[in-house]
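*Asks:* What follows is query_24.cif, mmCIF, C-alpha atoms.
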```
data_query
#
loop_
_atom_site.label_atom_id
_atom_site.label_comp_id
_atom_site.auth_asym_id
_atom_site.auth_seq_id
_atom_site.Cartn_x
_atom_site.Cartn_y
_atom_site.Cartn_z
CA MET A 3 15.22 31.50 -6.84
CA SER A 4 12.51 30.00 -4.69
CA ALA A 5 9.34 31.92 -3.98
CA HIS A 6 10.05 31.04 -0.34
CA ALA A 7 13.47 32.71 -0.19
CA LYS A 8 14.48 33.99 3.26
CA THR A 9 17.07 36.54 4.21
CA ILE A 10 19.66 35.23 6.63
CA SER A 11 22.56 36.88 8.33
CA LEU A 12 25.47 34.79 9.51
CA THR A 13 29.23 34.80 9.92
CA VAL A 14 31.26 32.73 7.48
CA ASN A 15 34.94 32.36 8.36
CA GLY A 16 34.76 35.53 10.42
CA THR A 17 33.08 37.63 7.73
CA ARG A 18 29.52 38.88 8.11
CA VAL A 19 27.32 37.59 5.30
CA GLU A 20 23.78 38.55 4.45
CA ALA A 21 22.03 36.47 1.85
CA SER A 22 18.68 35.52 0.43
CA VAL A 23 18.45 31.73 0.41
CA PRO A 24 15.85 29.22 -0.72
CA PRO A 25 15.00 27.19 2.41
CA ARG A 26 15.72 23.96 0.56
CA GLN A 27 19.36 24.94 -0.02
CA HIS A 28 21.59 23.01 2.33
CA LEU A 29 24.53 24.71 3.97
CA GLY A 30 27.07 22.83 1.83
CA ASP A 31 25.58 24.16 -1.40
CA PHE A 32 25.30 27.63 0.11
CA LEU A 33 29.00 27.63 1.04
CA ARG A 34 30.18 26.22 -2.29
CA GLU A 35 27.88 27.92 -4.74
CA ARG A 36 27.21 31.30 -3.17
CA GLU A 37 30.30 31.85 -1.04
CA LEU A 38 32.52 29.95 -3.52
CA LEU A 39 34.15 28.15 -0.61
CA THR A 40 34.77 24.93 -2.49
CA GLY A 41 36.96 23.44 0.21
CA THR A 42 33.82 21.92 1.67
CA HIS A 43 33.29 18.73 -0.32
CA LEU A 44 29.94 17.09 -0.93
CA GLY A 45 30.01 13.32 -1.11
CA CYS A 46 26.86 11.45 -0.19
CA GLU A 47 24.60 14.40 0.64
CA HIS A 48 22.70 12.40 3.22
CA GLY A 49 24.89 12.62 6.27
CA VAL A 50 26.88 9.40 5.93
CA CYS A 51 30.30 10.19 4.45
CA GLY A 52 31.44 13.20 6.49
CA ALA A 53 33.23 14.98 3.62
CA CYS A 54 31.07 18.09 4.12
CA THR A 55 31.80 18.45 7.85
CA ILE A 56 32.18 22.11 8.87
CA LEU A 57 31.87 24.00 12.18
CA ILE A 58 28.68 25.73 13.31
CA ASP A 59 29.35 27.90 16.36
CA GLY A 60 32.58 25.94 16.75
CA GLU A 61 30.95 22.50 16.75
CA PRO A 62 31.36 20.01 13.88
CA ALA A 63 28.23 19.47 11.79
CA ARG A 64 27.24 17.98 8.45
CA SER A 65 26.65 20.86 6.04
CA CYS A 66 24.65 18.62 3.68
CA ILE A 67 21.86 17.89 6.16
CA THR A 68 21.80 21.33 7.76
CA PHE A 69 19.87 23.92 5.80
CA ALA A 70 21.45 27.33 5.29
CA VAL A 71 18.24 29.02 6.40
CA ALA A 72 18.58 27.31 9.80
CA CYS A 73 21.96 29.00 10.32
CA ASP A 74 20.63 32.55 10.65
CA GLY A 75 22.67 34.26 13.35
CA ARG A 76 25.22 31.45 13.54
CA SER A 77 28.94 31.42 12.96
CA VAL A 78 30.10 28.97 10.29
CA THR A 79 33.71 27.92 9.80
CA THR A 80 34.90 25.92 6.79
CA VAL A 81 38.29 24.36 6.16
CA GLU A 82 39.34 27.65 4.52
CA GLY A 83 38.64 29.41 7.82
CA LEU A 84 41.09 27.13 9.63
CA ASP A 85 44.19 28.42 7.78
CA ASP A 86 45.53 30.12 10.90
CA ASP A 87 44.04 27.73 13.45
CA PRO A 88 46.90 26.19 15.48
CA VAL A 89 45.40 22.69 15.76
CA ALA A 90 44.45 22.60 12.08
CA THR A 91 47.98 23.74 11.18
CA GLU A 92 49.48 20.90 13.22
CA LEU A 93 47.03 18.45 11.64
CA ARG A 94 47.86 19.54 8.08
CA GLU A 95 51.55 18.91 8.73
CA ALA A 96 50.82 15.57 10.40
CA PHE A 97 48.45 14.44 7.61
CA SER A 98 51.23 15.18 5.12
CA ALA A 99 53.94 13.45 7.17
CA GLU A 100 51.84 10.35 7.95
CA HIS A 101 50.22 9.89 4.52
CA GLY A 102 46.83 10.84 5.94
CA LEU A 103 45.50 11.65 2.49
CA GLN A 104 45.81 10.54 -1.09
CA CYS A 105 43.12 11.99 -3.38
CA GLY A 106 42.11 14.61 -0.83
CA PHE A 107 38.35 14.38 -1.27
CA CYS A 108 37.66 13.45 2.36
CA THR A 109 40.42 15.65 3.77
CA PRO A 110 38.50 18.88 4.55
CA GLY A 111 35.95 16.90 6.57
CA MET A 112 38.71 14.79 8.11
CA LEU A 113 40.56 17.90 9.28
CA VAL A 114 37.45 19.44 10.85
CA ALA A 115 36.53 16.18 12.60
CA ALA A 116 40.13 15.49 13.63
CA ARG A 117 40.47 18.97 15.11
CA ASP A 118 37.43 18.22 17.28
CA VAL A 119 39.00 14.95 18.46
CA VAL A 120 42.29 16.66 19.34
CA LEU A 121 40.52 19.39 21.32
CA ARG A 122 37.81 17.29 22.96
CA ARG A 123 39.62 13.97 23.46
CA PRO A 124 43.26 14.64 24.40
CA ASP A 125 43.23 11.29 26.23
CA ALA A 126 42.14 9.27 23.19
CA ASP A 127 43.97 6.03 22.44
CA ASN A 128 44.01 4.71 18.87
CA PRO A 129 40.75 2.72 19.12
CA ALA A 130 39.07 5.84 20.55
CA ILE A 131 40.44 7.92 17.66
CA ARG A 132 39.03 5.37 15.20
CA THR A 133 35.63 5.43 16.90
CA ALA A 134 35.59 9.23 17.04
CA MET A 135 36.54 9.46 13.35
CA SER A 136 34.12 6.74 12.21
CA GLY A 137 31.75 9.30 10.72
CA ASN A 138 34.28 10.30 8.08
CA LEU A 139 34.89 7.92 5.19
CA CYS A 140 38.16 7.68 3.27
CA ARG A 141 38.47 5.36 0.26
CA CYS A 142 42.21 5.84 -0.32
CA THR A 143 44.28 5.54 2.82
CA GLY A 144 42.81 2.64 4.76
CA TYR A 145 42.74 5.08 7.70
CA VAL A 146 46.10 4.05 9.17
CA GLY A 147 47.78 7.28 8.09
CA ILE A 148 44.84 9.36 9.34
CA VAL A 149 44.89 7.71 12.77
CA ASN A 150 48.68 8.10 12.96
CA ALA A 151 48.43 11.78 12.03
CA ILE A 152 45.90 12.47 14.79
CA ARG A 153 47.99 10.38 17.21
CA ARG A 154 51.05 12.46 16.33
CA VAL A 155 49.25 15.76 17.04
CA ILE A 156 47.70 14.56 20.30
CA ASP A 157 51.03 13.16 21.52
CA ALA A 158 52.92 16.34 20.61
CA ARG A 159 50.39 18.52 22.39
CA ASN A 160 50.40 16.29 25.47
CA THR A 161 54.22 16.32 25.55
CA ASN A 162 54.34 20.09 25.20
CA ALA A 163 51.69 20.52 27.87
CA GLY A 164 53.33 18.07 30.25
CA MET B 23 19.95 14.77 -3.86
CA LYS B 24 18.21 18.10 -3.43
CA ALA B 25 15.09 18.66 -1.34
CA VAL B 26 11.85 19.84 -2.92
CA ASP B 27 11.11 23.54 -2.70
CA PHE B 28 9.58 24.08 0.74
CA ASP B 29 8.71 27.09 2.85
CA TYR B 30 10.31 27.51 6.25
CA ALA B 31 9.43 29.17 9.53
CA GLN B 32 11.45 29.51 12.70
CA PRO B 33 9.00 30.53 15.45
CA ALA B 34 10.33 31.77 18.79
CA THR B 35 7.52 30.37 20.94
CA LEU B 36 5.83 27.01 21.29
CA ASP B 37 2.40 28.58 20.76
CA ALA B 38 3.51 30.14 17.47
CA ALA B 39 4.95 26.80 16.34
CA LEU B 40 1.78 24.90 17.21
CA GLU B 41 -0.28 27.48 15.36
CA LEU B 42 1.79 26.93 12.21
CA LEU B 43 1.71 23.15 12.65
CA SER B 44 -2.09 23.18 12.86
CA ARG B 45 -2.38 24.68 9.38
CA GLU B 46 -4.43 22.45 7.12
CA ASP B 47 -3.90 24.31 3.84
CA VAL B 48 -0.32 23.09 3.45
CA MET B 49 1.57 19.92 4.21
CA VAL B 50 3.56 20.96 7.26
CA ARG B 51 6.26 19.16 9.25
CA PRO B 52 8.15 20.12 12.38
CA VAL B 53 11.93 19.86 12.25
CA ALA B 54 14.52 20.03 15.03
CA GLY B 55 18.16 19.08 14.29
CA SER B 56 17.31 17.75 10.80
CA GLN B 57 19.69 14.82 11.17
CA SER B 58 17.03 12.30 10.12
CA LEU B 59 14.61 14.55 8.27
CA GLY B 60 17.50 16.25 6.41
CA PRO B 61 18.52 13.04 4.61
CA MET B 62 14.86 12.21 3.96
CA LEU B 63 14.36 15.65 2.42
CA ASN B 64 17.49 15.35 0.28
CA LEU B 65 16.35 11.91 -0.89
CA ARG B 66 12.83 13.33 -1.40
CA LEU B 67 11.36 10.64 0.83
CA ALA B 68 9.78 13.62 2.62
CA GLN B 69 8.26 16.42 0.53
CA PRO B 70 6.68 18.92 2.91
CA GLU B 71 5.41 22.31 1.79
CA LEU B 72 6.32 24.01 5.06
CA LEU B 73 8.98 23.15 7.62
CA VAL B 74 8.56 24.55 11.12
CA ASP B 75 11.96 24.71 12.83
CA ILE B 76 11.39 24.36 16.60
CA THR B 77 15.02 24.69 17.69
CA ARG B 78 14.82 28.38 18.62
CA ILE B 79 12.09 27.80 21.21
CA ALA B 80 13.82 28.32 24.55
CA GLU B 81 11.56 26.09 26.64
CA LEU B 82 12.33 23.09 24.42
CA GLN B 83 16.05 23.42 25.23
CA ALA B 84 15.73 23.06 28.99
CA ILE B 85 16.82 20.21 31.25
CA ARG B 86 15.54 20.31 34.81
CA LEU B 87 15.18 18.09 37.81
CA ASP B 88 11.54 17.73 38.95
CA GLY B 89 11.60 15.76 42.21
CA ASP B 90 12.73 12.26 41.29
CA ARG B 91 12.60 12.66 37.56
CA LEU B 92 14.61 14.49 34.93
CA THR B 93 12.68 16.56 32.40
CA ILE B 94 14.49 16.90 29.09
CA GLY B 95 13.31 19.39 26.48
CA ALA B 96 12.67 17.93 23.02
CA CYS B 97 15.39 20.04 21.38
CA VAL B 98 18.20 19.00 23.72
CA THR B 99 20.97 17.58 21.53
CA HIS B 100 22.59 14.18 21.90
CA ALA B 101 25.95 15.94 22.32
CA ARG B 102 24.68 17.85 25.35
CA LEU B 103 23.37 14.64 26.90
CA GLU B 104 26.75 13.04 26.13
CA ASP B 105 28.68 15.88 27.78
CA GLY B 106 26.53 15.71 30.91
CA ASP B 107 25.93 19.33 32.07
CA TYR B 108 22.89 18.20 34.06
CA PRO B 109 22.05 16.05 37.10
CA ASP B 110 22.12 12.55 35.65
CA VAL B 111 19.49 10.57 37.54
CA THR B 112 20.07 7.52 35.34
CA ARG B 113 23.41 6.33 36.72
CA GLY B 114 25.14 6.97 33.40
CA VAL B 115 22.51 5.73 30.96
CA LEU B 116 21.92 9.11 29.30
CA PRO B 117 25.55 10.15 28.68
CA SER B 118 26.70 6.63 27.77
CA VAL B 119 23.94 6.04 25.25
CA ALA B 120 24.14 9.55 23.80
CA ALA B 121 27.86 8.99 23.17
CA VAL B 122 27.20 6.06 20.81
CA ILE B 123 24.54 7.71 18.67
CA ALA B 124 25.82 8.07 15.10
CA TYR B 125 28.81 10.49 15.06
CA ARG B 126 29.73 13.62 17.00
CA ALA B 127 28.92 15.87 14.01
CA VAL B 128 25.43 14.36 14.01
CA ARG B 129 25.09 14.45 17.79
CA ASN B 130 25.85 18.18 17.80
CA ARG B 131 22.65 18.82 15.82
CA GLY B 132 20.36 15.83 16.40
CA THR B 133 17.88 16.02 19.26
CA ILE B 134 16.27 13.56 21.65
CA GLY B 135 12.74 14.71 20.76
CA GLY B 136 13.43 14.58 17.05
CA SER B 137 14.73 11.06 17.38
CA LEU B 138 11.57 9.95 19.20
CA ALA B 139 9.23 11.69 16.76
CA HIS B 140 11.08 10.12 13.83
CA ALA B 141 10.62 6.70 15.50
CA ASP B 142 13.20 4.69 13.61
CA PRO B 143 13.11 1.27 15.35
CA ALA B 144 16.93 1.24 15.33
CA ALA B 145 17.20 4.60 17.12
CA ASP B 146 18.95 4.53 20.48
CA TRP B 147 16.48 6.68 22.45
CA VAL B 148 13.49 4.77 21.10
CA ASN B 149 14.75 1.63 22.83
CA VAL B 150 16.60 3.03 25.83
CA LEU B 151 13.80 5.33 26.97
CA THR B 152 11.42 2.38 26.68
CA ALA B 153 13.69 0.37 28.97
CA LEU B 154 13.91 3.28 31.42
CA GLY B 155 10.13 3.65 31.55
CA ALA B 156 10.20 7.27 30.38
CA ASP B 157 7.13 9.32 29.48
CA VAL B 158 6.71 11.61 26.50
CA VAL B 159 4.93 14.94 26.92
CA ILE B 160 3.11 15.83 23.72
CA ALA B 161 2.03 19.40 22.98
CA GLY B 162 -0.73 20.49 20.62
CA THR B 163 -3.01 23.48 20.23
CA GLY B 164 -5.46 21.66 22.51
CA GLY B 165 -2.95 21.39 25.38
CA ARG B 166 -0.58 18.77 26.65
CA ARG B 167 -0.81 15.06 27.26
CA THR B 168 1.65 12.58 28.69
CA VAL B 169 2.15 9.20 27.06
CA PRO B 170 4.39 6.37 28.33
CA MET B 171 7.10 5.32 25.87
CA THR B 172 5.43 1.91 25.49
CA ASP B 173 2.35 3.66 24.06
CA PHE B 174 4.25 6.37 22.20
CA ILE B 175 6.11 4.24 19.65
CA LEU B 176 3.48 2.39 17.63
CA GLY B 177 5.60 0.91 14.86
CA VAL B 178 8.16 1.74 12.19
CA PHE B 179 8.24 5.56 11.89
CA GLU B 180 4.87 5.53 13.64
CA THR B 181 4.05 7.31 16.90
CA ALA B 182 1.11 8.47 19.00
CA LEU B 183 1.63 12.01 17.67
CA GLN B 184 -1.47 13.36 15.99
CA PRO B 185 -1.31 15.93 13.17
CA GLY B 186 -0.25 19.28 14.59
CA GLU B 187 1.34 17.79 17.70
CA ILE B 188 5.01 17.72 18.66
CA VAL B 189 7.12 16.15 21.37
CA ALA B 190 7.64 18.90 23.98
CA GLU B 191 9.65 17.09 26.63
CA ILE B 192 10.63 13.72 28.00
CA HIS B 193 10.29 12.63 31.62
CA VAL B 194 13.00 10.22 32.72
CA PRO B 195 12.47 8.58 36.11
CA ALA B 196 15.42 8.45 38.51
CA LEU B 197 17.02 5.06 38.99
CA SER B 198 17.65 3.88 42.52
CA ASP B 199 21.16 3.36 43.91
CA ARG B 200 20.85 -0.38 43.34
CA ALA B 201 19.75 -0.10 39.73
CA ARG B 202 21.85 -1.74 37.02
CA TRP B 203 21.52 -1.34 33.31
CA GLY B 204 22.95 -2.77 30.11
CA TYR B 205 22.97 -1.70 26.50
CA TYR B 206 24.30 -3.42 23.42
CA LYS B 207 23.70 -2.87 19.75
CA VAL B 208 24.89 -4.77 16.74
CA CYS B 209 26.06 -2.40 14.00
CA ARG B 210 27.94 -3.31 10.81
CA LYS B 211 30.04 -0.19 11.30
CA THR B 212 30.55 2.08 14.31
CA GLY B 213 27.86 4.75 14.34
CA GLU B 214 25.70 3.16 11.66
CA PHE B 215 22.14 2.00 12.21
CA SER B 216 21.69 -0.91 14.61
CA HIS B 217 20.58 -4.29 13.28
CA ALA B 218 19.67 -5.53 16.76
CA THR B 219 19.54 -3.65 20.03
CA GLY B 220 19.34 -4.98 23.58
CA ALA B 221 18.49 -2.63 26.45
CA VAL B 222 17.97 -3.91 29.98
CA LEU B 223 17.22 -2.44 33.37
CA ILE B 224 17.08 -4.02 36.80
CA ASP B 225 15.98 -1.72 39.58
CA PRO B 226 15.09 -3.71 42.70
CA ALA B 227 13.90 -0.63 44.61
CA ARG B 228 11.23 -0.03 42.01
CA GLY B 229 10.54 -3.69 41.19
CA VAL B 230 11.77 -3.32 37.60
CA GLN B 231 13.22 -6.23 35.64
CA ARG B 232 12.93 -5.22 32.04
CA CYS B 233 14.45 -6.36 28.76
CA VAL B 234 13.87 -4.51 25.49
CA ALA B 235 14.65 -5.96 22.08
CA GLY B 236 14.97 -3.12 19.61
CA ALA B 237 15.60 -2.59 15.90
CA THR B 238 13.15 -5.43 15.25
CA SER B 239 11.49 -3.69 12.29
CA GLY B 240 8.60 -2.90 14.62
CA LYS B 241 8.03 -1.20 17.94
CA PRO B 242 10.41 -2.11 20.77
CA VAL B 243 9.62 -5.52 22.21
CA VAL B 244 9.34 -5.28 26.00
CA ILE B 245 9.90 -8.40 28.07
CA ASP B 246 9.27 -7.78 31.78
CA GLY B 247 10.12 -10.23 34.54
CA PRO B 248 13.10 -12.33 35.65
CA ALA B 249 12.99 -15.12 33.02
CA LEU B 250 15.51 -13.77 30.49
CA PHE B 251 17.93 -12.67 33.21
CA GLU B 252 18.12 -16.19 34.62
CA GLY B 253 19.58 -17.87 31.55
CA GLY B 254 16.34 -17.71 29.62
CA CYS B 255 17.62 -15.56 26.78
CA THR B 256 17.65 -18.33 24.19
CA GLU B 257 16.79 -18.24 20.51
CA ALA B 258 13.64 -20.26 21.22
CA ALA B 259 12.50 -17.79 23.88
CA MET B 260 13.34 -14.84 21.64
CA ALA B 261 11.43 -16.39 18.73
CA ALA B 262 8.36 -16.47 20.96
CA HIS B 263 8.84 -12.90 22.16
CA LEU B 264 9.50 -11.59 18.67
CA ALA B 265 6.57 -13.52 17.14
CA GLY B 266 4.85 -11.42 14.54
CA SER B 267 7.90 -9.33 13.75
CA PRO B 268 9.98 -10.05 10.62
CA ALA B 269 12.93 -10.84 12.89
CA ALA B 270 11.23 -13.94 14.27
CA ASP B 271 11.16 -15.70 10.87
CA ASP B 272 14.72 -14.89 9.83
CA PRO B 273 17.24 -17.21 11.51
CA ILE B 274 20.10 -14.71 11.22
CA ALA B 275 18.04 -11.81 12.57
CA LEU B 276 16.79 -14.01 15.40
CA LYS B 277 20.34 -14.98 16.34
CA THR B 278 21.47 -11.34 16.13
CA HIS B 279 18.67 -10.15 18.42
CA THR B 280 19.38 -12.96 20.87
CA VAL B 281 23.07 -12.01 20.98
CA ALA B 282 22.34 -8.29 21.43
CA LEU B 283 20.02 -8.92 24.36
CA LYS B 284 22.29 -11.57 25.91
CA ARG B 285 25.23 -9.14 25.87
CA ALA B 286 23.11 -6.40 27.41
CA ILE B 287 21.98 -8.83 30.12
CA ALA B 288 25.59 -9.90 30.75
CA GLN B 289 26.43 -6.28 31.58
CA VAL B 290 24.00 -6.24 34.49
CA MET B 291 24.77 -9.76 35.74
CA SER B 292 28.55 -9.34 35.91
#
```
Take the structure from the file and write it as structure tokens.
*Replies:*
Amino acid sequence: MSAHAKTISLTVNGTRVEASVPPRQHLGDFLRERELLTGTHLGCEHGVCGACTILIDGEPARSCITFAVACDGRSVTTVEGLDDDPVATELREAFSAEHGLQCGFCTPGMLVAARDVVLRRPDADNPAIRTAMSGNLCRCTGYVGIVNAIRRVIDARNTNAG
Amino acid sequence: MKAVDFDYAQPATLDAALELLSREDVMVRPVAGSQSLGPMLNLRLAQPELLVDITRIAELQAIRLDGDRLTIGACVTHARLEDGDYPDVTRGVLPSVAAVIAYRAVRNRGTIGGSLAHADPAADWVNVLTALGADVVIAGTGGRRTVPMTDFILGVFETALQPGEIVAEIHVPALSDRARWGYYKVCRKTGEFSHATGAVLIDPARGVQRCVAGATSGKPVVIDGPALFEGGCTEAAMAAHLAGSPAADDPIALKTHTVALKRAIAQVMS
């Protein structure tokens, strides 16, 4: 443990957590190695691939370039914390139906980012979905299934609302 | 891909932050959203001994209208500028440009002041705020000073900030009703770093006719006057304006910069 360790207090998936963290530990490592929440995947670890995307106070963020120590007092939600989230539930079904995943490495980050698109951009056409999802890389699907899955959820919600 | 072992402080006031940043016994760096410094730390391109997180300082989060200019606190995020919960005096420049910075997950954390202090030539605010004629308010233990954008960015990752100083706020002048602006960047992939950026502003009420060529591997190149707007944005003209920068000697880079600026100009002429 670092000589510079700091005590932080935060909420992870609704549970209060107090921990001593080395300031250099990024949030992704904190979630995986201390909280054993291995649903958050670490790909590039410099903010490019999007696999580690989680929610901080409800907003998507890269857990690899956010340090755990900076999250004192914040509320963090990982893909595990979205089990009962209605939009995430619809997205999981749509990703399955539309072949929105193959190996699954990018999927946790895709779901967190896609949920943000569904909630924030209900008017998004397919090019807008692609632009909004451009910060999340997938090496299996070619993205068509991912875009179709998000399209399906947005359309269903708009139909139900209308 | 792990940062070096550094110490960390999260002061609640600007004075406390400046006190920490003035320490000379350790290598100290300010950090805001950590969306540029975070990768540099993970890659160990930056190896500070102490990070001073300035994001909990309330006064650096504020946006306010001061007469005919908008004052934006250094720690205001790109996402907030994108969402527009403030009086936009720039006729859409701020929200439109904020919306094309990297990705939403980055915009939620990254800040306007952090972007300026980092001074990547490809950064959106570095070039757009130069085109808008914004000023940067710098705070240090000795007080505050205001520096125009054209004197703030000195080169690649190089600014007018002295050791111990931080960007406190940015002053953005209001555009007049007749102002028109254009912005175009050439990126290999949506959200990735720009290879050539064109930012232009015409504001007849204030006598502004400004073109900025950005992402030139140097400070933004400012070209004032009507020449480029009147069909003068040619590769030959751009070679002259970019003289001295690596872009001027590379035919592909020169073409890319010419295209970026031409497309930005086309947005105001149409």
*Asks:* Neighbours of Ala5 in chain A within 12 Å (only C-alpha atoms; same-chain residues fewer than 5 positions away dropped), as a PyMOL selection string?
*Replies:* (chain A and resi 22-26) or (chain B and resi 27-30+71)
*Asks:* Write down, as a PyMOL selection string, each residue of chain A that has any atom within 9 Å of an atom of chain B, counting all atoms listed in the file.
*Replies:* chain A and resi 4-8+24-28+46-50+52+55-57+61-64+66-69+71-72+115+118+133-138
*Asks:* Please list as a list in words every residue within 8 Å of range 34-38 of chain B, counting all atoms listed in the file and excluding residues in the same chain fewer than 4 positions away.
*Replies:*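 Counting all atoms listed in the file, the residues come to Leu42, Ile76, Arg78, Ile79, Ala80, Glu81 and Thr163 of chain B.
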*Asks:* Evaluated on this file, the PyMOL selection byres ((chain A and resi 147) around 10) picks out some residues - which ones are they, written as a short mmCIF file (atom, residue, chain, number, x, y, z; two decimals) with C-alpha atoms, in the coordinates of the input?
*Replies:*
```
data_model
loop_
_atom_site.label_atom_id
_atom_site.label_comp_id
_atom_site.auth_asym_id
_atom_site.auth_seq_id
_atom_site.Cartn_x
_atom_site.Cartn_y
_atom_site.Cartn_z
CA ALA A 96 50.82 15.57 10.40
CA PHE A 97 48.45 14.44 7.61
CA SER A 98 51.23 15.18 5.12
CA ALA A 99 53.94 13.45 7.17
CA GLU A 100 51.84 10.35 7.95
CA HIS A 101 50.22 9.89 4.52
CA GLY A 102 46.83 10.84 5.94
CA LEU A 103 45.50 11.65 2.49
CA GLN A 104 45.81 10.54 -1.09
CA THR A 143 44.28 5.54 2.82
CA GLY A 144 42.81 2.64 4.76
CA TYR A 145 42.74 5.08 7.70
CA VAL A 146 46.10 4.05 9.17
CA ILE A 148 44.84 9.36 9.34
CA VAL A 149 44.89 7.71 12.77
CA ASN A 150 48.68 8.10 12.96
CA ALA A 151 48.43 11.78 12.03
CA ILE A 152 45.90 12.47 14.79
CA ARG A 153 47.99 10.38 17.21
#
```
*Asks:* Please enumerate the residues selected by the PyMOL selection byres ((chain B and resi 285) around 9) when evaluated against the supplied file, formatted as a ChimeraX atom specification.
*Replies:* /B:204-207,220,280-284,286-289
*Asks:* If I take CA of Thr112 in chain B and CA of Ser137 in chain B, how far is one from the other in Å, to one decimal?
*Replies:*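 So the answer is 19.1 Å.
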*Asks:* So that I can see what lies close to Val111 in chain B, please list as a PyMOL selection string the residues with an atom at most 12 Å from it, counting only C-alpha atoms and leaving out residues fewer than 4 positions away in the same chain.
*Replies:* chain B and resi 85-94+106+115-117+154+193-199+201
*Asks:* Using Å and a single decimal, report how far CA of Val74 in chain B sits from CA of Val119 in chain B.
*Replies:*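 Spanning CA of Val119 in chain B to CA of Val74 in chain B is a straight-line distance of 27.9 Å.
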*Asks:* Please evaluate the PyMOL selection byres ((chain A and resi 73) around 9) against the structure above and give the resulting residues as a ChimeraX atom specification.
*Replies:* /A:10-12,29,58,68-72,74-78
*Asks:* Please report, as JSON, the centre and edge lengths in Å to one decimal of an axis-aligned box covering all listed atoms of range 106-112 of chain B with 5 Å per side.
*Replies:*
```
{"center_x": 23.0, "center_y": 13.4, "center_z": 34.2, "size_x": 17.0, "size_y": 21.8, "size_z": 16.6}
```
*Asks:* Could you jot down the CA of Thr79 in chain A to CA of Asn15 in chain A separation for me, Å, one decimal place?
*Replies:* 4.8 Å
*Asks:* Which residue out of B:Val178, B:Val50, B:Ala139, B:Ile192 has the minimum interatomic distance to Leu151 in chain B when all atoms listed in the file are used?
*Replies:* B:Ile192
*Asks:* Can you list, as a PyMOL selection string, every protein, DNA or RNA residue that comes within 9 Å of Thr278 in chain B when you count only C-alpha atoms, leaving out same-chain residues fewer than 4 positions away?
*Replies:* chain B and resi 208+217-219+273-274+282-283
*Asks:* Residues within 10 Å of (33.7, 20.6, 2.7), file coordinates, counting only C-alpha atoms: what are they? Give the list as a PyMOL selection string.
*Replies:* chain A and resi 30-31+33-34+39-45+52-56+64-66+80-82+107-114
*Asks:* Would you mind listing what lies within 8 Å of Val169 in chain B as JSON, numbers by chain, with only C-alpha atoms counted and same-chain residues fewer than 2 positions away left out?
*Replies:* {"B": [157, 158, 159, 160, 167, 171, 173, 174]}
*Asks:* Just checking: using all atoms listed in the file, which residue out of A:Val120, A:Leu84, A:Ala126, A:Ala158 ends up closest to Val14 in chain A?
*Replies:*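 Nearest candidate to Val14 in chain A out of A:Val120, A:Leu84, A:Ala126, A:Ala158: A:Leu84.
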